[in-house]
Amino acid sequence: MTSSQPNVASLDRETRLSVAIVAVFIPTYATILYLQAGLLVVGIVAGSMVAGFAIWLRTTLRRPPAAAAILPAYLLALALFLLHVLEEYAFDFAGRIAAAAHVQWTDAQFVEVIVLLGPAIWVAGAVAIYHRHPLGNFIAWFFFVGMIIGEPTHMLVFPFMEGGRYHYFPGMWSALAPMVPAAYGIWRMLADDRGARGVVRLTPPRAAEADAP
Amino acid sequence: MTAARSPHSNRVQPLLGSSMYASRLFAITLAVAVVVTLGLAAYTHGGTPQFVTVAVACVVGFASWIATTYRRPPSRPAALDLYVATLVALTVLYAEQWSRGFSSRLMQLYPAAYSTGVGLTDHAFVAVFPLAGSALLLLGGLTYYHGAAFGRFAAWFTFAWGATTALAVYLYPLFTREPAGLMPGAISAPLPLVTSLLGMRALIRREGVGPATYAARLDRELDRALVKARRVAR
């Protein structure tokens, strides 16, 4: 086992509880989404969650990055994501996906899960990021990874699912915008993690903890 | 060193500031543009009841900002937690309002206030409030986090909007001729109301405290009143 792999037994209670909450939340949210939107949408969203969960466990689980490193990128990405969802909503994203993937996904279900529940959790996550809570750090990973994995599908996958000539799909024009701060946020979190590990390698653990901001 | 570069100094923020984001002139110009645009948008598309709500929030937010935190030097945002909590509480309120047809109900209550082409449908409500509105408030939260002069207006406006839109749920039925009952949103409205009032208190007591602000005077008067009240009680 490398030093980057978490030793769950040595984690504090708050972090262990956060890991447990996330481990329960992922299948719950994925099940709700699967029942509504089918395999395609749940593959993107739950895939982002699982990828974010795995990266979180391997990198910043023990030492969430400082708010200054990721909160500005997180808030900007979230605002741009809401504007992106606005484009999807205005041009009937749910109906087009439902027709292309042969599932029943109504406008009301889209509003419940994508417009209200998801953003409410992500907005609340900003407080946890601000206070460097482990749960907030997972939410940041999930959101950033979700933007990188999910948003390009508006250009690379969805238009081809409907067949015919390459054409506009709801959400296409604003899909890349949230990816920019998300990519920056991921880079900052990884850089912060690399920096922290460098400090830990060079100094005894107690001294490294005392140096942490 | 300028006031903008020394976050913990007690100096009054200069009008032009050391940068555009620290400039009070830039902040007040942007705030006026935001207030006027929101007011016009609410009047032309939202109908009179929505316009009144938006106008009250704009006036309360803008006036409170000028009276308290406008001249304050930049520092750590004291009410960021409550800012985010208000956004979440507003999302809960919007969810209840959307699920129970708030916009349609409002148009039924005040038919005379909605001429042809004016008024938000239930579909447009989702686009305007939980999506576009929340996106703008998040951008405001970003400026508030950075300690920009405009960010403190964003904080005041968000709390004013949270309180006003929550109170409006209970006030709309009072001005109709026929009994209207509870409006959609009546169950969850206390959430944004409480977080907004707590946020306003945090801004007045923890951010507006400076020698040149009305908030300091208000705070001192409040303390004196409390001391007198204790003496009388004894």
# chains A, B, ... in the order shown; residues from 1 in each chain; ligands from 1

$ interface_residues --of "chain A" --to "chain B" --cutoff "10 Å" --atoms "only C-alpha atoms" --output "PyMOL selection string"
chain A and resi 68+71-87+89-90+107-108+111-112+115-117+119-128+130-131

$ residues_around --residues "stretch 184-190 of chain B" --least-positions-apart "6" --cutoff "7 Å" --atoms "only C-alpha atoms" --output "JSON, numbers by chain"
{"B": [92, 93, 96, 97, 100, 101, 102, 166, 169, 170]}

$ select_by_dssp --residues "stretch 3-212 of chain A" --states "alpha helix (DSSP H)" --output "ChimeraX atom specification"
/A:13-37,39-58,67-90,93-101,107-110,118-130,134-150,153-156,158-161,179-202,205-211

$ closest_atom_pairs --of "stretch 115-141 of chain A" --to "stretch 22-26 of chain A" --cutoff "12 Å" --atoms "only C-alpha atoms" --output "tab-separated table"
residue	atom	partner	partner_atom	distance
A:Ile121	CA	A:Phe25	CA	11.5
A:Pro134	CA	A:Val22	CA	10.4
A:Leu135	CA	A:Val22	CA	7.8
A:Gly136	CA	A:Val22	CA	10.7
A:Asn137	CA	A:Val22	CA	11.2
A:Phe138	CA	A:Val22	CA	8.1
A:Ile139	CA	A:Val22	CA	9.2
A:Trp141	CA	A:Val22	CA	11.9

$ closest_residue --among "B:Ala22, B:Pro111, B:Phe157, B:Ile28" --to "B:Val54" --atoms "only C-alpha atoms"
B:Phe157

$ atom_distance --atom1 "atom CA of A:Gly198" --atom2 "atom CA of A:Phe144"
24.1 Å

$ closest_residue --among "B:Ala41, B:Arg105, B:Leu203, B:Thr53" --to "B:Phe153" --atoms "only C-alpha atoms"
B:Leu203

$ closest_residue --among "A:Ile114, A:Leu61, A:Met179, A:Val157" --to "A:Leu17" --atoms "only C-alpha atoms"
A:Leu61

$ closest_residue --among "B:Leu198, B:Ala67, B:Leu40, B:Ala168" --to "B:Arg152" --atoms "only C-alpha atoms"
B:Ala67

$ residues_around --residues "B:Ser196" --least-positions-apart "6" --cutoff "6 Å" --atoms "only C-alpha atoms" --output "ChimeraX atom specification"
/B:159,162-163

$ residues_around --residues "A:Arg132" --least-positions-apart "5" --cutoff "8 Å" --atoms "only C-alpha atoms" --output "list in words"
Pro64, Pro65, Ala66, Ala67 and Asn137 of chain A

$ atom_distance --atom1 "atom CA of A:Gln104" --atom2 "atom CA of A:Phe53"
28.8 Å

$ closest_residue --among "B:Gly39, B:Phe26, B:Ser75, B:Leu109" --to "B:Leu171" --atoms "only C-alpha atoms"
B:Leu109
